[in-house]
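S.K.: I'd like to ask you about the structure that follows.
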Amino acid sequence: MVAMKKDNRGLFKTRTWLVWMFLAGLFMLSAGIVGMSLLSPSAGGTFSSAFISIGAVLIVFSGLKLWRGEGDSLQDERTRKIGAHGLSWSWFLTFIVLFVVFWADYLGVWSPDAATLSVLLILLMGISARAFQIYLFRRGDVD
């Protein structure tokens with residue numbers, strides 16, 4: 001008699017967790033919209049826009065994961081290794097860009113404000129991480 005392998009999926013890997021994240025996103029988006037429409041701009045502007053942003057992100061990411069299903073989330077050693085290498089390359093690229101921005105500011109060539117620099121680095125890290133992972137997946141295994 002062959003023993004069946006027990007399913008060790010925790011809460012964070014189940015569809016139930018994704019449904020709760022989707023519902024939390026809907027709640028936060030709704031709270032932000034209600035807050036923006038009922039409160040004065042000076043009183044609820046920051047609160048409302050933060051709730052709208054967080055809610056929209058939760059809805060998009062959990063909704064896409066629910067829609068696509070669990071078939072693409074299988075990971076093996078190669079996938080994890082490539083993912084880790086892509087993230088480390090992204091971190092190093094961000095470190096280099098921070099170094100360049102420092103010298104550009106120090107020499108007076110370009111002096112970005114905090115908001116511009118934050119958006120630049122957030123986008124750089126996210127896009128470069130995915131780009132490096134796609135490149136490494138197409139290239140094959142990493143050493």
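Quick note on naming: the chains in the structure tokens go A, B, ... in the order shown, residues restart at 1 in each chain, and ligands are numbered from 1 in order of appearance.
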Considering only C-alpha atoms, return as a list in words whatever protein or nucleic-acid residues lie within 8 Å of Phe47 (chain A), sequence-local ones (same chain, fewer than 3 positions apart) excluded.
M.R.: Gly32, Gly35, Gly44, Ala50 and Phe51 of chain A
S.K.: When DSSP is applied to the backbone of this structure, which of region 34-122 of chain A are assigned helix (DSSP H, G or I)? Write them out as a PyMOL selection string.
M.R.: chain A and resi 34-38+41-68+71-73+77-106+114-122
S.K.: List as an MDAnalysis selection string the protein and nucleic acid residues near region 66-69 of chain A, meaning an atom at most 10 Å away when only C-alpha atoms are counted, but skip any in the same chain fewer than 6 places from it.
M.R.: chainID A and resid 15:16 18:19 22 60
S.K.: Figure out the distance between CA of Leu87 (chain A) and CA of Arg139 (chain A), please, to one decimal in Å.
M.R.: 15.8 Å
S.K.: Between CA of Arg78 (chain A) and CA of Leu136 (chain A), what distance in Å does the model show, to one decimal?
M.R.: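 Computing the Euclidean distance for CA of Arg78 (chain A) and CA of Leu136 (chain A) yields 10.5 Å.
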